[in-house]
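Colleague: What follows is data.txt, compact mmCIF, C-alpha atoms.
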# COMPACT_ATOMS: atom_id res chain seq x y z
CA MET A 18 22.28 -16.54 -0.60
CA THR A 19 20.86 -13.75 -2.73
CA ILE A 20 18.52 -11.04 -1.50
CA LYS A 21 16.86 -8.57 -3.83
CA ILE A 22 14.52 -5.69 -3.11
CA SER A 23 12.68 -4.86 -6.31
CA ALA A 24 10.81 -1.67 -7.13
CA GLU A 25 9.71 -3.27 -10.42
CA ALA A 26 7.33 -6.17 -11.06
CA PHE A 27 9.19 -9.46 -11.56
CA ASP A 28 8.39 -12.93 -12.85
CA PRO A 29 9.26 -15.35 -10.01
CA TYR A 30 9.44 -18.37 -12.33
CA GLN A 31 11.98 -16.70 -14.62
CA GLU A 32 14.00 -15.58 -11.60
CA ILE A 33 14.10 -19.12 -10.19
CA GLN A 34 15.05 -20.64 -13.53
CA ALA A 35 17.81 -18.09 -14.21
CA TYR A 36 19.21 -18.44 -10.69
CA GLN A 37 19.28 -22.23 -10.82
CA ASN A 38 20.83 -22.21 -14.32
CA ALA A 39 23.64 -20.00 -13.02
CA LYS A 40 24.41 -22.48 -10.21
CA THR A 41 26.26 -24.93 -12.43
CA GLY A 42 28.68 -25.78 -9.61
CA ASN A 43 25.84 -27.47 -7.72
CA ILE A 44 24.66 -29.79 -10.47
CA GLY A 45 24.18 -33.21 -8.92
CA ALA A 46 24.00 -31.93 -5.34
CA ILE A 47 20.54 -30.36 -5.64
CA GLY A 48 17.80 -32.83 -4.93
CA ALA A 49 15.06 -30.51 -3.71
CA THR A 50 13.87 -26.97 -4.42
CA SER A 51 11.18 -25.47 -2.23
CA ILE A 52 9.47 -22.35 -3.51
CA PHE A 53 7.08 -19.93 -1.89
CA ILE A 54 5.47 -17.17 -3.96
CA GLY A 55 3.29 -14.55 -2.31
CA THR A 56 0.86 -12.81 -4.66
CA MET A 57 -1.24 -9.71 -4.10
CA ARG A 58 -4.97 -10.40 -3.65
CA ASP A 59 -7.77 -8.03 -4.66
CA PHE A 60 -9.53 -8.50 -1.32
CA ASN A 61 -8.50 -8.29 2.31
CA GLU A 62 -10.36 -8.14 5.61
CA GLY A 63 -13.75 -7.73 3.95
CA ALA A 64 -12.76 -4.97 1.50
CA ALA A 65 -12.02 -4.84 -2.24
CA VAL A 66 -8.42 -3.72 -2.77
CA LYS A 67 -7.24 -2.12 -6.02
CA GLY A 68 -3.55 -1.73 -5.16
CA MET A 69 -1.05 -1.24 -2.42
CA THR A 70 2.16 0.57 -1.60
CA LEU A 71 4.96 -1.27 0.15
CA GLU A 72 7.37 0.78 2.22
CA TYR A 73 10.66 -0.55 3.60
CA TYR A 74 13.69 0.56 5.58
CA PRO A 75 16.64 0.53 3.14
CA GLY A 76 19.60 -1.08 4.87
CA MET A 77 17.71 -2.60 7.79
CA THR A 78 15.43 -4.67 5.57
CA GLU A 79 18.40 -6.28 3.78
CA LYS A 80 20.25 -6.72 7.09
CA GLN A 81 17.31 -8.50 8.73
CA LEU A 82 16.71 -10.73 5.69
CA LYS A 83 20.38 -11.73 5.70
CA LYS A 84 20.13 -12.54 9.41
CA ILE A 85 17.00 -14.68 8.87
CA ILE A 86 18.59 -16.65 6.02
CA THR A 87 21.78 -17.13 8.05
CA GLU A 88 19.66 -18.55 10.90
CA ALA A 89 18.06 -20.95 8.41
CA GLN A 90 21.49 -21.99 7.09
CA GLN A 91 22.56 -22.79 10.66
CA GLN A 92 19.56 -25.08 11.14
CA TRP A 93 19.32 -26.84 7.77
CA PRO A 94 21.88 -27.85 5.11
CA ILE A 95 20.95 -25.33 2.41
CA ILE A 96 22.86 -25.30 -0.87
CA ASP A 97 21.53 -21.90 -1.90
CA SER A 98 18.64 -19.51 -1.43
CA LEU A 99 16.98 -16.65 -3.28
CA VAL A 100 14.67 -14.08 -1.68
CA ILE A 101 13.08 -11.30 -3.73
CA HIS A 102 10.61 -8.81 -2.22
CA ARG A 103 8.69 -6.07 -4.00
CA VAL A 104 8.48 -2.49 -2.76
CA GLY A 105 6.64 0.53 -4.11
CA ASP A 106 3.28 0.44 -5.87
CA ILE A 107 1.86 -3.05 -6.45
CA LEU A 108 -1.25 -4.26 -8.29
CA PRO A 109 -3.38 -7.37 -7.66
CA ASN A 110 -1.93 -10.55 -9.14
CA GLU A 111 1.63 -9.21 -9.00
CA THR A 112 4.21 -11.13 -6.99
CA ILE A 113 5.00 -9.62 -3.59
CA VAL A 114 7.61 -12.09 -2.41
CA LEU A 115 9.60 -15.08 -3.61
CA VAL A 116 11.47 -17.44 -1.30
CA ALA A 117 13.34 -20.29 -3.00
CA VAL A 118 15.58 -22.76 -1.18
CA TRP A 119 17.79 -25.38 -2.80
CA SER A 120 18.92 -28.38 -0.78
CA SER A 121 19.81 -32.03 -1.26
CA HIS A 122 16.66 -33.30 0.47
CA ARG A 123 13.03 -32.18 0.56
CA GLY A 124 12.63 -31.98 4.33
CA ASP A 125 15.43 -29.44 4.66
CA ALA A 126 14.19 -27.43 1.66
CA PHE A 127 10.58 -27.34 2.95
CA ASP A 128 11.52 -26.51 6.54
CA ALA A 129 14.08 -23.85 5.66
CA SER A 130 11.81 -22.05 3.18
CA ARG A 131 8.96 -22.06 5.70
CA TYR A 132 11.26 -20.70 8.39
CA ILE A 133 12.54 -17.92 6.13
CA MET A 134 9.03 -16.94 5.06
CA GLU A 135 7.55 -16.89 8.56
CA ALA A 136 10.53 -14.96 9.97
CA LEU A 137 10.30 -12.48 7.08
CA LYS A 138 6.61 -11.89 7.92
CA SER A 139 7.39 -11.12 11.56
CA LYS A 140 10.82 -9.42 11.42
CA ALA A 141 11.68 -7.90 8.02
CA PRO A 142 10.79 -4.19 7.98
CA PHE A 143 8.19 -3.87 5.23
CA TRP A 144 4.86 -2.09 5.63
CA LYS A 145 1.78 -2.39 3.41
CA LYS A 146 -0.67 0.39 2.76
CA GLU A 147 -3.78 -0.77 0.93
CA HIS A 148 -5.65 1.36 -1.58
CA LEU A 149 -9.28 0.29 -1.46
CA VAL A 150 -11.81 0.37 -4.29
CA THR A 151 -13.80 2.85 -2.14
CA GLU A 152 -10.81 5.25 -2.48
CA ASN A 153 -9.98 4.87 1.20
CA GLU A 154 -6.44 3.95 2.26
CA ARG A 155 -5.37 1.90 5.24
CA TRP A 156 -2.12 0.64 6.73
CA LEU A 157 -2.18 -3.01 7.69
CA ALA A 158 -1.83 -3.28 11.46
CA HIS A 159 0.12 -6.55 11.80
CA ASN A 160 0.81 -9.91 10.17
CA THR A 161 -0.73 -13.10 11.44
CA ASN A 162 1.33 -16.02 12.74
CA GLY A 163 1.48 -18.51 9.86
CA TYR A 164 2.16 -21.46 12.18
CA LYS A 165 -1.14 -20.91 14.00
CA PRO A 166 -4.14 -22.75 12.52
CA ARG A 167 -6.65 -20.36 10.90
CA MET B 5 26.58 14.23 20.34
CA SER B 6 24.44 13.71 17.32
CA ILE B 7 21.76 11.07 16.68
CA LYS B 8 19.58 10.51 13.66
CA VAL B 9 15.99 9.50 14.39
CA ARG B 10 13.83 7.94 11.69
CA TYR B 11 10.11 7.13 11.43
CA PHE B 12 8.39 4.75 9.05
CA ALA B 13 4.96 3.89 7.63
CA SER B 14 1.88 4.90 9.66
CA LEU B 15 4.07 6.35 12.41
CA LYS B 16 5.81 8.63 9.89
CA GLU B 17 2.37 9.91 8.87
CA SER B 18 1.19 10.44 12.43
CA VAL B 19 4.33 12.32 13.56
CA GLY B 20 4.29 14.26 10.28
CA ARG B 21 7.97 13.80 9.34
CA SER B 22 10.39 11.07 8.35
CA GLU B 23 13.37 12.00 10.49
CA ASP B 24 14.91 14.20 13.17
CA ASP B 25 18.48 15.14 13.96
CA LEU B 26 19.00 15.20 17.69
CA THR B 27 21.94 16.86 19.45
CA ILE B 28 22.37 15.81 23.07
CA THR B 29 24.90 15.57 25.85
CA GLY B 30 25.29 12.42 27.94
CA LEU B 31 23.77 8.98 27.52
CA LEU B 32 20.17 8.42 26.58
CA THR B 33 17.87 5.43 26.30
CA VAL B 34 15.77 4.81 23.19
CA ASN B 35 12.71 5.79 25.20
CA GLU B 36 14.33 9.14 26.13
CA VAL B 37 15.15 9.74 22.46
CA TRP B 38 11.45 9.37 21.67
CA ASN B 39 10.48 11.75 24.48
CA LEU B 40 12.98 14.42 23.37
CA THR B 41 12.04 14.32 19.71
CA ASN B 42 8.31 14.05 20.35
CA LEU B 43 8.05 16.39 23.33
CA GLY B 44 6.75 13.78 25.71
CA LYS B 45 3.92 12.68 23.39
CA PRO B 46 3.07 9.10 24.38
CA LEU B 47 4.54 6.43 22.13
CA PRO B 48 1.69 4.81 20.17
CA GLU B 49 0.91 1.21 21.14
CA ASN B 50 2.92 -1.62 19.55
CA ILE B 51 5.68 0.63 18.16
CA LEU B 52 9.03 -1.13 17.65
CA ALA B 53 12.50 0.38 17.89
CA ALA B 54 15.80 -0.27 16.15
CA VAL B 55 19.30 1.11 16.73
CA ASN B 56 21.68 0.91 13.78
CA MET B 57 19.19 -1.35 12.00
CA GLU B 58 18.94 -3.98 14.77
CA TYR B 59 15.83 -4.44 16.93
CA VAL B 60 16.29 -3.16 20.50
CA GLU B 61 14.31 -2.72 23.70
CA PHE B 62 13.33 0.79 24.76
CA ASP B 63 15.86 0.83 27.63
CA ASN B 64 18.74 0.31 25.18
CA ILE B 65 21.44 3.01 25.46
CA VAL B 66 22.09 5.19 22.42
CA LYS B 67 25.59 6.41 21.50
CA ASP B 68 26.96 9.27 19.41
CA GLY B 69 26.38 8.70 15.70
CA ASP B 70 23.69 6.04 16.20
CA GLU B 71 20.62 5.84 14.00
CA VAL B 72 17.44 5.23 15.99
CA ALA B 73 14.26 4.15 14.20
CA PHE B 74 10.66 3.87 15.36
CA PHE B 75 8.05 1.98 13.37
CA PRO B 76 4.83 -0.05 13.62
CA PRO B 77 4.71 -3.88 13.46
CA VAL B 78 5.95 -5.13 10.09
CA THR B 79 3.46 -6.29 7.46
CA GLY B 80 5.53 -7.56 4.52
CA GLY B 81 5.47 -10.85 2.68
Could I get this file's structure written as structure tokens?
Modeller:
Amino acid sequence: MTIKISAEAFDPYQEIQAYQNAKTGNIGAIGATSIFIGTMRDFNEGAAVKGMTLEYYPGMTEKQLKKIITEAQQQWPIIDSLVIHRVGDILPNETIVLVAVWSSHRGDAFDASRYIMEALKSKAPFWKKEHLVTENERWLAHNTNGYKPR
Amino acid sequence: MSIKVRYFASLKESVGRSEDDLTITGLLTVNEVWNLTNLGKPLPENILAAVNMEYVEFDNIVKDGDEVAFFPPVTGG
């Protein structure tokens, strides 16, 4: 399990490749990798967005992410996992979050990565403030439940 | 006893500060910590609380040296 909070833009594909390459001890055991990448849009709730600032609670954010991943490990046989989340000033098309889960079988990889992502959305202390094209700013009020049909 | 109180995101902006140091005697609940640091100002709707970086209910008891945090619903990911 690796958790990173990044104040700098990162390339999720390079991060995944480098992390998997370093896991030489698991060669042969990995049969499935499930990846979720969240990217910043330039629109939200009917407004054009030019950027956003992501605040977090140093210490608690890492603690809650570790708890979420541990819960996932207790439910599914995970070989390894990597979670990276941006903080600070973010521009459209930059990656906000990466969740990657390595397992022997696809069902476990899919289910565990979904669990981690949905729990992160509802429990990990991050807060987004959007900077609109109109120069207004607004804090997002809450996240939606990803399991609920839109 | 001494307690650190922290505020985040939109709540930090509405209270106008990021933290308070509270000196008290006796046991307090999280809700009483809010009332003491914010002079009885009603807690905005939907605010969450944590003690020592774990989510708690507002009737949770706070001890000497604890860090209490108040913040709005999380919006990461």
Colleague: Residues of chain B near chain A: apply a cut-off of 6 Å, count all atoms listed in the file, and supply the list as a ChimeraX atom specification.
Modeller: /B:57,77-81
Colleague: For the selection you just gave me, I'd like the residues written to a file as a JSON list (two decimals), in the coordinates of the input, keeping C-alpha atoms.
Modeller:
[["chain", "number", "residue", "atom", "x", "y", "z"],
["B", 57, "MET", "CA", 19.19, -1.35, 12.00],
["B", 77, "PRO", "CA", 4.71, -3.88, 13.46],
["B", 78, "VAL", "CA", 5.95, -5.13, 10.09],
["B", 79, "THR", "CA", 3.46, -6.29, 7.46],
["B", 80, "GLY", "CA", 5.53, -7.56, 4.52],
["B", 81, "GLY", "CA", 5.47, -10.85, 2.68]]
Colleague: Work out how far apart atom CA of Glu49 of chain B and atom CA of Glu88 of chain A are and give it in Å to one decimal.
Modeller: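 It comes out at 29.1 Å.
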Colleague: Could you list, as a count of residues only, every residue within 12 Å of Val37 of chain B, counting only C-alpha atoms and ignoring same-chain residues fewer than 4 positions away?
Modeller: 35
Colleague: Go ahead and compute the interatomic distance for atom CA of Leu149 of chain A and atom CA of Ala65 of chain A, in Å to one decimal.
Modeller: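 Taking atom CA of Leu149 of chain A as the start and atom CA of Ala65 of chain A as the end point, the length is 5.9 Å.
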Colleague: From the options A:Glu32, A:Glu111, A:Glu152, A:Asp128, which residue's atoms come nearest to Thr19 of chain A, counting only C-alpha atoms?
Modeller: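 For Thr19 of chain A, the nearest of the candidates is A:Glu32.
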Colleague: Just want the 6 Å neighbourhood of Met18 of chain A, counted on only C-alpha atoms, with same-chain residues fewer than 5 positions away dropped. Output as a list in words.
Modeller: Asp97, Ser98 and Leu99 of chain A
Colleague: Measure the distance from atom CA of Pro48 of chain B to atom CA of Gly68 of chain A in Å and round it to one decimal.
Modeller: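 Distance between the two atoms: 26.7 Å.
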Colleague: Need the neighbours of (9.3, -21.7, -1.7): which residues are at most 9 Å away, counting all atoms listed in the file, as a PDB file with C-alpha atoms, in the coordinates of the input?
Modeller:
ATOM      1  CA  THR A  50      13.870 -26.970  -4.420  1.00  0.00           C
ATOM      2  CA  SER A  51      11.180 -25.470  -2.230  1.00  0.00           C
ATOM      3  CA  ILE A  52       9.470 -22.350  -3.510  1.00  0.00           C
ATOM      4  CA  PHE A  53       7.080 -19.930  -1.890  1.00  0.00           C
ATOM      5  CA  ILE A  54       5.470 -17.170  -3.960  1.00  0.00           C
ATOM      6  CA  LEU A 115       9.600 -15.080  -3.610  1.00  0.00           C
ATOM      7  CA  VAL A 116      11.470 -17.440  -1.300  1.00  0.00           C
ATOM      8  CA  ALA A 117      13.340 -20.290  -3.000  1.00  0.00           C
ATOM      9  CA  VAL A 118      15.580 -22.760  -1.180  1.00  0.00           C
ATOM     10  CA  ALA A 126      14.190 -27.430   1.660  1.00  0.00           C
ATOM     11  CA  PHE A 127      10.580 -27.340   2.950  1.00  0.00           C
ATOM     12  CA  SER A 130      11.810 -22.050   3.180  1.00  0.00           C
ATOM     13  CA  ARG A 131       8.960 -22.060   5.700  1.00  0.00           C
ATOM     14  CA  MET A 134       9.030 -16.940   5.060  1.00  0.00           C
TER      15      MET A 134
END
Colleague: Could you list, as a VMD selection string, every residue within 9 Å of Asp59 of chain A, counting all atoms listed in the file and ignoring same-chain residues fewer than 6 positions away?
Modeller: chain A and resid 65 to 68 108 to 110
Colleague: Ranking A:Ile33, A:Gly45, A:Glu62, A:Met69 by minimum distance to Gly105 of chain A and counting all atoms listed in the file, which one comes first?
Modeller: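 Closest residue, counting all atoms listed in the file: A:Met69.
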Colleague: Work out where the centre of an axis-aligned box around every listed atom of segment 12-26 of chain B lies and how long its edges are once 6 Å is added on each side; give both in Å to one decimal as AutoDock Vina command-line options.
Modeller:
--center_x 10.1 --center_y 9.5 --center_z 12.7 --size_x 29.8 --size_y 23.3 --size_z 22.1
Colleague: Considering all atoms listed in the file, can you say which of A:Ala129, A:Thr87, A:Ile96, A:Phe60 comes closest to Lys40 of chain A?
Modeller: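 Residue with the minimum atom-to-atom distance to Lys40 of chain A: A:Ile96.
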Colleague: Lys16 of chain B: which residues within 10 Å, counting all atoms listed in the file, same-chain residues fewer than 5 positions away excluded, as a PyMOL selection string?
Modeller: chain B and resi 10-11+21-23+74-76
